[in-house]
$ cat run.pdb   # PDB, C-alpha atoms
MODEL        1
ATOM      1  CA  MET E 226       9.457  -2.085 -12.250
ATOM      2  CA  ALA E 227       6.692  -1.461 -14.759
ATOM      3  CA  GLY E 228       4.246  -4.324 -14.592
ATOM      4  CA  ALA E 229       6.052  -6.019 -11.704
ATOM      5  CA  ARG E 230       3.806  -7.405  -8.984
ATOM      6  CA  THR E 231       4.564  -8.967  -5.631
ATOM      7  CA  ARG E 232       1.948 -11.148  -3.961
ATOM      8  CA  ILE E 233       1.873 -11.216  -0.179
ATOM      9  CA  ARG E 234      -1.076 -13.057   1.325
ATOM     10  CA  GLY E 235      -2.313 -13.952   4.741
ATOM     11  CA  GLU E 236      -2.524 -17.585   5.753
ATOM     12  CA  GLN E 237      -6.210 -17.534   6.686
ATOM     13  CA  VAL E 238      -9.590 -16.478   5.358
ATOM     14  CA  ILE E 239     -11.021 -13.484   7.201
ATOM     15  CA  PRO E 240     -14.104 -14.710   9.070
ATOM     16  CA  ALA E 241     -17.449 -12.896   8.808
ATOM     17  CA  GLY E 242     -17.953  -9.938  11.127
ATOM     18  CA  ASP E 243     -16.091  -6.782  12.062
ATOM     19  CA  HIS E 244     -12.300  -6.979  11.981
ATOM     20  CA  VAL E 245      -9.248  -4.760  11.841
ATOM     21  CA  VAL E 246      -7.022  -5.766   8.923
ATOM     22  CA  GLU E 247      -3.573  -4.188   8.923
ATOM     23  CA  LEU E 248      -0.620  -3.994   6.593
ATOM     24  CA  ALA E 249       2.617  -2.704   8.109
ATOM     25  CA  PHE E 250       5.451  -1.715   5.777
ATOM     26  CA  SER E 251       8.975  -1.319   7.116
ATOM     27  CA  TYR E 252      10.940   0.632   4.507
ATOM     28  CA  ASP E 253      14.608  -0.202   3.968
ATOM     29  CA  GLY E 254      15.481   3.471   3.621
ATOM     30  CA  GLY E 255      18.508   4.783   1.780
ATOM     31  CA  GLY E 256      16.646   6.714  -0.902
ATOM     32  CA  VAL E 257      13.586   6.433  -3.100
ATOM     33  CA  GLY E 258      12.376   3.239  -4.723
ATOM     34  CA  LYS E 259      13.915   0.891  -2.159
ATOM     35  CA  GLY E 260      12.183  -2.174  -0.761
ATOM     36  CA  GLY E 261      10.990  -3.241   2.634
ATOM     37  CA  GLU E 262       9.267  -5.843   4.761
ATOM     38  CA  VAL E 263       5.494  -6.324   4.756
ATOM     39  CA  ALA E 264       3.525  -7.752   7.691
ATOM     40  CA  LEU E 265      -0.192  -8.584   7.577
ATOM     41  CA  SER E 266      -2.407  -8.977  10.633
ATOM     42  CA  ILE E 267      -6.063  -9.519  11.493
ATOM     43  CA  ASP E 268      -7.270  -8.094  14.816
ATOM     44  CA  GLY E 269      -3.647  -7.713  15.918
ATOM     45  CA  ALA E 270      -2.650 -11.321  15.179
ATOM     46  CA  ALA E 271       0.021 -11.866  12.521
ATOM     47  CA  CYS E 272      -1.319 -13.774   9.522
ATOM     48  CA  GLY E 273       1.229 -13.264   6.745
ATOM     49  CA  ALA E 274       4.466 -11.553   5.772
ATOM     50  CA  GLY E 275       6.770 -11.037   2.841
ATOM     51  CA  ARG E 276       9.246  -8.767   1.142
ATOM     52  CA  LEU E 277       8.664  -6.035  -1.398
ATOM     53  CA  GLU E 278      11.950  -5.616  -3.291
ATOM     54  CA  ARG E 279      11.170  -2.197  -4.768
ATOM     55  CA  THR E 280       8.684   0.614  -4.329
ATOM     56  CA  VAL E 281       7.578   3.266  -6.813
ATOM     57  CA  GLY E 282      10.512   5.628  -7.033
ATOM     58  CA  PHE E 283       8.805   8.841  -8.002
ATOM     59  CA  GLN E 284       5.180   9.020  -9.058
ATOM     60  CA  PHE E 285       2.319   7.096 -10.577
ATOM     61  CA  SER E 286       1.017   7.883 -14.043
ATOM     62  CA  MET E 287      -1.939  10.251 -14.349
ATOM     63  CA  ASP E 288      -4.292   7.405 -15.303
ATOM     64  CA  GLU E 289      -3.669   5.443 -12.095
ATOM     65  CA  THR E 290      -5.951   5.970  -9.150
ATOM     66  CA  MET E 291      -5.848   5.715  -5.340
ATOM     67  CA  ASP E 292      -8.879   3.486  -4.934
ATOM     68  CA  VAL E 293     -10.187   1.721  -1.851
ATOM     69  CA  GLY E 294     -12.615  -1.152  -2.308
ATOM     70  CA  ARG E 295     -12.245  -1.299  -6.093
ATOM     71  CA  ASP E 296      -9.548  -0.714  -8.660
ATOM     72  CA  ARG E 297     -10.379   1.610 -11.539
ATOM     73  CA  GLY E 298      -6.849   1.600 -12.967
ATOM     74  CA  THR E 299      -4.341  -1.218 -13.384
ATOM     75  CA  PRO E 300      -5.530  -4.225 -11.361
ATOM     76  CA  VAL E 301      -3.570  -5.058  -8.241
ATOM     77  CA  THR E 302      -3.724  -8.716  -9.292
ATOM     78  CA  GLU E 303      -4.658 -10.571 -12.459
ATOM     79  CA  GLU E 304      -7.112 -12.556 -10.309
ATOM     80  CA  TYR E 305      -9.429  -9.550 -10.695
ATOM     81  CA  ALA E 306     -10.166 -10.721 -14.236
ATOM     82  CA  ALA E 307     -12.502 -13.324 -12.696
ATOM     83  CA  LEU E 308     -14.542 -10.610 -10.926
ATOM     84  CA  PRO E 309     -17.255  -8.365 -12.362
ATOM     85  CA  ALA E 310     -16.005  -5.555 -14.578
ATOM     86  CA  ASP E 311     -15.814  -2.970 -11.793
ATOM     87  CA  ASN E 312     -13.562  -5.116  -9.549
ATOM     88  CA  ALA E 313     -15.542  -3.904  -6.536
ATOM     89  CA  TYR E 314     -15.151  -5.407  -3.084
ATOM     90  CA  ARG E 315     -18.608  -6.676  -2.127
ATOM     91  CA  GLY E 316     -18.190  -6.471   1.652
ATOM     92  CA  GLY E 317     -18.378  -3.383   3.811
ATOM     93  CA  LEU E 318     -15.556  -1.032   4.744
ATOM     94  CA  LYS E 319     -16.256   1.128   7.782
ATOM     95  CA  GLN E 320     -12.937   2.934   7.889
ATOM     96  CA  VAL E 321      -9.630   3.145   6.074
ATOM     97  CA  ARG E 322      -6.740   4.713   7.952
ATOM     98  CA  ILE E 323      -3.221   5.313   6.703
ATOM     99  CA  ASP E 324      -0.568   6.043   9.330
ATOM    100  CA  LEU E 325       2.725   7.367   7.999
ATOM    101  CA  ALA E 326       5.784   6.982  10.179
ATOM    102  CA  GLU E 327       8.441   9.669  10.270
ATOM    103  CA  ARG E 328      11.113   8.971   7.658
ATOM    104  CA  LEU E 329      14.479   8.411   9.265
ATOM    105  CA  ASP E 330      16.239   9.393   6.038
ATOM    106  CA  GLY E 331      13.770  12.119   5.134
ATOM    107  CA  PRO E 332      14.347  15.834   4.718
ATOM    108  CA  THR E 333      15.125  18.026   7.701
ATOM    109  CA  PRO E 334      12.515  20.578   8.834
ATOM    110  CA  GLU E 335      14.570  23.283   7.106
ATOM    111  CA  GLN E 336      14.650  21.302   3.837
ATOM    112  CA  ARG E 337      10.881  20.844   4.056
ATOM    113  CA  ARG E 338      10.375  24.577   4.632
ATOM    114  CA  ARG E 339      12.522  25.435   1.606
ATOM    115  CA  THR E 340      10.657  22.955  -0.568
ATOM    116  CA  VAL E 341       7.310  24.467   0.431
ATOM    117  CA  MET E 342       8.609  27.974  -0.268
ATOM    118  CA  ILE E 343       9.926  26.965  -3.698
ATOM    119  CA  THR E 344       6.872  25.011  -4.819
ATOM    120  CA  HIS E 345       4.114  27.272  -3.526
TER
ENDMDL
END

$ encode --input "run.pdb" --output "structure tokens"
Amino acid sequence: MAGARTRIRGEQVIPAGDHVVELAFSYDGGGVGKGGEVALSIDGAACGAGRLERTVGFQFSMDETMDVGRDRGTPVTEEYAALPADNAYRGGLKQVRIDLAERLDGPTPEQRRRTVMITH
């Protein structure tokens, strides 16, 4: 998986103004590192979709970052090379929200409690 990239793009340019841009990921389940379906939408209207064959199985390296609006670690795409050195998004972001669905194959409440007790 190291260095592998999947490109999923919408079919249209986002027009000027305020918009809600969404990415929905439907995980295949069955353990860590599996793939899933990706759906993109703008203001609730579907604009692109694709498949991500694998996800990160365990963890990112310590030098990777969870950036929004710019990428300070490994670029998401090599197209960033054409941008200024900081890879910053030049528009405005009013809000970023991440909604996590309940995992159907996730740990039970008792397994979660034990994990918390062991690790804390």

$ closest_residue --input "run.pdb" --among "E:Ile233, E:Leu318, E:Leu329, E:Leu248" --to "E:Glu278" --atoms "all atoms listed in the file"
E:Ile233

$ resolve_selection --input "run.pdb" --expression "the PyMOL selection byres ((chain E and resi 239) around 12)" --output "number ranges by chain"
E: 234-238, 240-246, 265-268, 270, 272, 316

$ atom_distance --input "run.pdb" --atom1 "atom CA of E:Asp296" --atom2 "atom CA of E:Ala313"
7.1 Å

$ closest_residue --input "run.pdb" --among "E:Val293, E:Val281, E:Val263, E:Val321" --to "E:Arg232" --atoms "only C-alpha atoms"
E:Val263

$ resolve_selection --input "run.pdb" --expression "the PyMOL selection byres ((chain E and resi 275) around 8)" --output "ChimeraX atom specification"
/E:233,262-264,273-274,276-277

$ atom_distance --input "run.pdb" --atom1 "atom CA of E:Ala326" --atom2 "atom CA of E:Gly260"
15.6 Å

$ atom_distance --input "run.pdb" --atom1 "atom CA of E:Gly254" --atom2 "atom CA of E:Glu327"
11.5 Å

$ resolve_selection --input "run.pdb" --expression "the PyMOL selection byres ((chain E and resi 251) around 7)" --output "list of chain:residue names"
E:Ala249, E:Phe250, E:Tyr252, E:Asp253, E:Gly261, E:Glu262, E:Val263
